[in-house]
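Colleague: Handing you a structure now.
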Amino acid sequence: MADPGMSVTPYWELTFDADGDVDGPERDRLMTQVTAHGVRDLLVFAHGWNNDRSGATALYRSFYAPVPALAPQARLGYVGVIWPSMRFSDEPIPDFPKSVAAVAAEPAPGPALDKDTRRALLETFPGRAPVIDQLARMLDERPGGAGRLAEFGRLVRLLVDDGRQRGVADTDEEGEPTVFTEDPATACDEFAEALAAVRSPGAPAGFSIPNPWEGAKELLRQATYYTMKRRAGTVGEHGLGPVIGQLAQAAAGVRVHLIGHSFGGRLVSFALRGLPDGVDTVKSVTLLQGAFSHYAFAGRLPQDPAKAGALKDRQQRIDGPLVCCYSHFDAALGTFYPLASRLSGDDRSCAGSEIAVVLGPEWGAMGHDGVQAVPGTARLDLATALAGPLPASGCVNVDAAAVVCHGGPPSGAHSDIVHPELARLVLAAGRVT
């Protein structure tokens, strides 16, 4: 059921499982009530790294709060998508209360994996409790020797393999990342150096010796991200896309506006691939720090013109613009996303052990530098975009660093998205007044 404390009304939730199957009663409630409430414009928001309904609903409550005052004459409805994702509970999220576990850990550091993170891992990787327990012990004990890091990498692979076969990959990421299967000691060293650079920007090389076990925890974090990334595509294509098609039949004339944060951006983008033929109800898509390839919509990949992005030309399924917000303050996408890709062996252009990780273009993320290799893509700063009008169609990159700029390591400003300016941008993209 929807949270009675939601900041807007009417509000519905749509819950999907890992295979994209939707909660039937929730879907049916939406189909029957949208028209009854006289909704003309329906905002549909998909979260990113949240591991429970309350966290996702808190995001929706905060983001949606200013919308009614921004469009007082509009007949608006609101949807919060709930899908089985997770985040590490020690990741700070601006403007959100810290978890009890994170607060308790501040005076005296606790286990490397607090109980909230362990519980989330168990929910994300069902049936892998012994593996997760062993990984937690190794992170706490930090045993010496590259051989133990290799064992840690082997255990991480068990988690990745568990969900590897089901999911939608970007075309330029079809293979299994070898970061989870080859030379874990090197991977852990690289991640540790990147973490040190994020935590102490500007520090001279050699200022401190990063501990590879810090990198090992990041390796585990990347395994969960990889799993969630694939799952987001599945839920979008096989879950949300078909539901939007059903809504188009049940509530003709309702204009749908998709919003996605992080992997939720991937989810709503892949929903375009799951739209039934002839459905033109999606009037805008707004990506907030999208955690997937910036070449996803490309007709030809610059590094391999024989290949295309997984969502080639899917922006044409939108009867309006695809707006992609990005920020250079997003450390999760600016550092760790391409670093994991580099360690997979697909990008050799990065400087191996430098404090500042030099990124090759092959592995950039939407939320770091926007849509790439799509001819005609507009590029605006946030002030110009809000001054409007936005392009009526096609891809629009918006540099949102003016507001998406706060957050601590390791994710930086990745989750700093609750701003009225971004809510205004969503309305502008959908031509909602």
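Going by the structure tokens order, chains are called A, B, ..., each with residues numbered from 1, while ligands are numbered from 1 in the order shown.
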Quick one: everything within 7 Å of range 426-431 of chain A, counting only C-alpha atoms, minus sequence neighbours fewer than 4 positions away in the same chain. Send it as an NGL selection string.

Modeller: :A and (257 or 283-284 or 286 or 321 or 323 or 390 or 422)

Colleague: Just to be explicit: take each residue in the selection above, keep N, CA and C atoms, and write the result as a compact mmCIF listing (two decimals), in the first residue's frame.

Modeller:
# COMPACT_ATOMS: atom_id res chain seq x y z
N HIS A 257 5.24 10.45 -17.64
CA HIS A 257 6.56 11.06 -17.57
C HIS A 257 7.44 10.19 -16.68
N LYS A 283 5.65 10.77 -22.60
CA LYS A 283 5.85 12.12 -23.13
C LYS A 283 7.19 12.72 -22.72
N SER A 284 7.87 12.13 -21.76
CA SER A 284 9.20 12.61 -21.38
C SER A 284 9.88 11.55 -20.54
N THR A 286 13.27 11.63 -17.80
CA THR A 286 14.31 12.41 -17.15
C THR A 286 15.20 11.47 -16.36
N PRO A 321 11.11 14.86 -25.10
CA PRO A 321 12.56 14.74 -24.97
C PRO A 321 13.00 13.69 -23.95
N VAL A 323 15.77 13.76 -21.24
CA VAL A 323 16.64 14.71 -20.56
C VAL A 323 17.58 13.94 -19.62
N LEU A 390 12.74 23.76 -23.41
CA LEU A 390 13.58 22.63 -23.80
C LEU A 390 13.21 22.16 -25.20
N LEU A 422 15.44 20.32 -9.92
CA LEU A 422 15.31 19.10 -10.72
C LEU A 422 13.85 18.72 -10.89

Colleague: Write down as a PyMOL selection string the residues belonging to range 170-333 of chain A that are assigned strand (DSSP E) by DSSP computed on the backbone.

Modeller: chain A and resi 255-261+282-288+321-326

Colleague: Compile the contact shell of Gln73 in chain A as a list of chain:residue names: residues with an atom at most 10 Å away, counting only C-alpha atoms, same-chain residues fewer than 5 positions apart removed.

Modeller: A:Pro68, A:Val432, A:Thr433

Colleague: Counting only C-alpha atoms, which residue out of A:Phe297, A:Phe292, A:Phe45, A:Tyr226 sits closest to Leu240 in chain A?

Modeller: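 Looking only at the distances to Leu240 in chain A, the closest residue turns out to be A:Phe45.
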
Colleague: Extract, using only C-alpha atoms, all DNA, RNA and protein residues at most 12 Å from Thr384 in chain A, discarding same-chain residues fewer than 2 positions from it, and format them as a list of chain:residue names.

Modeller: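 Final neighbour list, sorted by chain and number: A:Ala378, A:Arg379, A:Leu380, A:Asp381, A:Leu382, A:Leu386, A:Ala387, A:Gly388, A:Pro389, A:Leu390, A:Pro391, A:Val396, A:Asn397, A:Val398, A:Asp399, A:Ala400, A:Ala402, A:Glu421, A:Leu425, A:Ala428.
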
Colleague: Take the residues from that selection and put them in a file with C-alpha atoms, as a PDB file, in the first residue's frame.

Modeller:
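Below is the file that was written, result-v5.pdb:
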ATOM      1  CA  ALA A 378      21.502  19.332 -27.097  1.00  0.00           C
ATOM      2  CA  ARG A 379      23.813  20.306 -24.221  1.00  0.00           C
ATOM      3  CA  LEU A 380      22.667  22.866 -21.655  1.00  0.00           C
ATOM      4  CA  ASP A 381      23.551  23.995 -18.172  1.00  0.00           C
ATOM      5  CA  LEU A 382      20.818  23.810 -15.558  1.00  0.00           C
ATOM      6  CA  LEU A 386      15.154  25.935 -16.629  1.00  0.00           C
ATOM      7  CA  ALA A 387      14.875  29.206 -18.542  1.00  0.00           C
ATOM      8  CA  GLY A 388      13.500  27.065 -21.372  1.00  0.00           C
ATOM      9  CA  PRO A 389      11.968  26.040 -23.511  1.00  0.00           C
ATOM     10  CA  LEU A 390      13.581  22.629 -23.796  1.00  0.00           C
ATOM     11  CA  PRO A 391      13.779  20.890 -27.174  1.00  0.00           C
ATOM     12  CA  VAL A 396      19.076  16.773 -24.032  1.00  0.00           C
ATOM     13  CA  ASN A 397      22.114  16.748 -21.737  1.00  0.00           C
ATOM     14  CA  VAL A 398      21.820  19.022 -18.702  1.00  0.00           C
ATOM     15  CA  ASP A 399      24.822  19.785 -16.515  1.00  0.00           C
ATOM     16  CA  ALA A 400      23.223  19.709 -13.052  1.00  0.00           C
ATOM     17  CA  ALA A 402      25.113  23.555  -9.777  1.00  0.00           C
ATOM     18  CA  GLU A 421      15.294  22.726  -9.578  1.00  0.00           C
ATOM     19  CA  LEU A 425      13.214  20.220 -14.933  1.00  0.00           C
ATOM     20  CA  ALA A 428       9.674  21.300 -18.178  1.00  0.00           C
TER      21      ALA A 428
END
